[in-house]
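*Asks:* Below: one structure in C-alpha cells.
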Amino acid sequence: MTTTAALTIDQLRVVYGSHSALDDVSLQVRPGEILSILGPNGAGKSTLLRAITGKLRPTSGQIFIAGKALSPGKAYQHSIGFTPQCLGLYRHLTGRENLEFFAGCTGVSRHQVPARVSQALEEIELTDKAHVRVDHLSGGMQRRLHLAATLVSHPSLLVLDEPTAGVDLSVRMSIHDLIRRRAEQGAAVVVVTHELDEAEVLSHRVALLHQGQLKALAEPQTLIQETFGNRQLCVVRTIHMLSSALCERLQEIGFRPRSDESSDESTEWWLQSDLPLDRLVDHLYRDLGEARDAIAEVSVRRPGLKNVMQHFTGARTDSAAEPVL
Ligand SMILES: Nc1ncnc2c1ncn2[C@@H]1O[C@H](COP(=O)(O)OP(=O)(O)OP(=O)(O)O)[C@@H](O)[C@H]1O
C-alpha cells in the first residue's frame with residue numbers, strides 16, 4: 001500500500017529575472033514527517049516556502065498537496081498552515097480573540113471555534129492568559145500564540161519559517177513539543193531553521209539547499225555518517241600559548257590551531273581522527289611528549305549538521321570557533 005505524500009515538489013524552478021533562486025528541486029514529505037529546510041542566507045529557503053504556500057508562481061515544475069496540484073493564488077488555508085517569521089498577531093486583541101479570528105478565517109466552522117481555540121490555548125499552556133491583550137504578553141508567549149494561530153485549524157501540512165527565532169530554551173522546547181505532537185497526530189511539517197542543533201534533534205529528515213540547489217536530503221544522522229564516516233573532532237585546549245617547538249610538535253601530530261588564530265597565539269588546537277576514543281587519547285598523551293603538561297582540556301566530539309553544512313556550502317554557521325572538517 002502506498003501512502004499519498006502530504007507534499008510533493010517536482011522539479012521546481014524559480015527564476016527572478018536572470019537569477020535562478022531554485023533549480024530543479026524535487027522532494028516529498030510524508031504525513032507525520034518533520035522535514036527541516038536548511039541552507040545559508042540566499043539559499044532559496046523562503047522562495048521554496050512561498051512556492052509551497054501558493055504565494056509565488058514557480059517558473060516551472062509542480063507542487064502537489066496531498067496529491068492535488070497546487071495552483072498559486074487559490075485559497076489553501078484549509079490544508080496548509082503557514083507560520084511566517086514575523087509575528088502576525090493583533091496586539092490590541094487578547095490571545096483568545098486572536099485565535100478566534102484566525103480560526104474563523106481558516107475555515108473552522110463557527111460552532112467548532114470555541115472548542116478549537118480552548119484546545120489550542122491548552123496546547124500552548126496559555127489558558128490562564130487567554131484574556132490578556134497580546135501586547136501585555138511576554139515575547140515567548142507571543143511566539144507560542146503565533147504558532148497556535150496556525151495550529152487552530154488543524155492543517156494537514158504545517159509550514160513554519162523559523163518558529164523558534166529569538167526565544168529562550170524553555171520556549172524552544174515547548175515549541176518543539178507542539179510540533180512533534182502535531183506530527184504524531186499525522187500532520188506533515190516543513191520547517192525552515194538556521195538552528196542546526198535544533199534541526200538535528202527535531203527533524204526526521206533534513207533538506208540542505210545551497211544556491212538554489214538541493215545538495216542533500218536525508219535523516220540527520222545518516223547525512224552526518226555519510227559525510228564524515230567515523231571521523232570525529234579532537235579539541236585540545238592549552239593553559240597558555242605554547243613555545244614554537246611545542247606548536248611544531250602539535251602540528252607534526254596533525255593538530256591545527258583554531259582557524260581564526262595563528263599557531264603561535266593559539267590555545268586551542270583541532271585534530272580530525274577516526275580512531276576510537278580511548279586509542280585517540282592514548283596516542284595523544286604519548287605523542288605530545290612534554291607538551292602534555294600544558295594541556296588544560298581534551299575533548300572529542302562527533303561532527304553534527306553544522307559541519308555537514310560547512311562541508312556542502314563552505315558557509316560558517318556560527319562563530320569562528322566552529323572547526324571545518
Ligand atoms: N523578489 C525577488 N526578486 C529578485 N531576487 C530575489 C527575490 N527574492 C529573493 N531573491 C533572491 O533569490 C535568492 C534566494 O532568496 P531567498 O530569500 O529564497 O533565500 P533564503 O534562503 O530564504 O535566505 P535567508 O536565509 O537570508 O532568508 C537570493 O539570491 C535572493 O537575493
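Identifiers in the C-alpha cells: chain A, B, ... in order shown; residue index from 1 per chain; ligand index from 1 in order shown.
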Quick check for you: according to DSSP on this backbone, which residues of stretch 114-292 of chain A are classed as alpha helix (DSSP H)? Reply as JSON, numbers by chain.
*Replies:* {"A": [114, 115, 116, 117, 118, 119, 120, 121, 122, 123, 139, 140, 141, 142, 143, 144, 145, 146, 147, 148, 149, 150, 151, 169, 170, 171, 172, 173, 174, 175, 176, 177, 178, 179, 180, 181, 182, 183, 184, 196, 197, 198, 199, 200, 201, 202, 220, 221, 222, 223, 224, 225, 226, 227, 228, 244, 245, 246, 247, 248, 249, 250, 251, 252, 253, 277, 278, 279, 280, 281, 282, 283, 284, 285, 286, 287, 288]}
*Asks:* Around ligand 1, out to 10 Å and counting only C-alpha atoms and all ligand atoms, which residues are there? I want them as a PyMOL selection string.
*Replies:* chain A and resi 14-22+37-51+56+85+161-162+192-194+209-212
*Asks:* Which one is closest to A:Gly54: A:Val159, A:Leu27, A:Ala120, A:Leu208? Count only C-alpha atoms.
*Replies:* A:Val159
*Asks:* List as a PyMOL selection string the protein and nucleic acid residues near stretch 304-316 of chain A, meaning an atom at most 9 Å away when only C-alpha atoms are counted, but skip any in the same chain fewer than 6 places from it.
*Replies:* chain A and resi 38-40+195-197+199-200+208-211+215-216+220-221+223-224+227-228+322-325
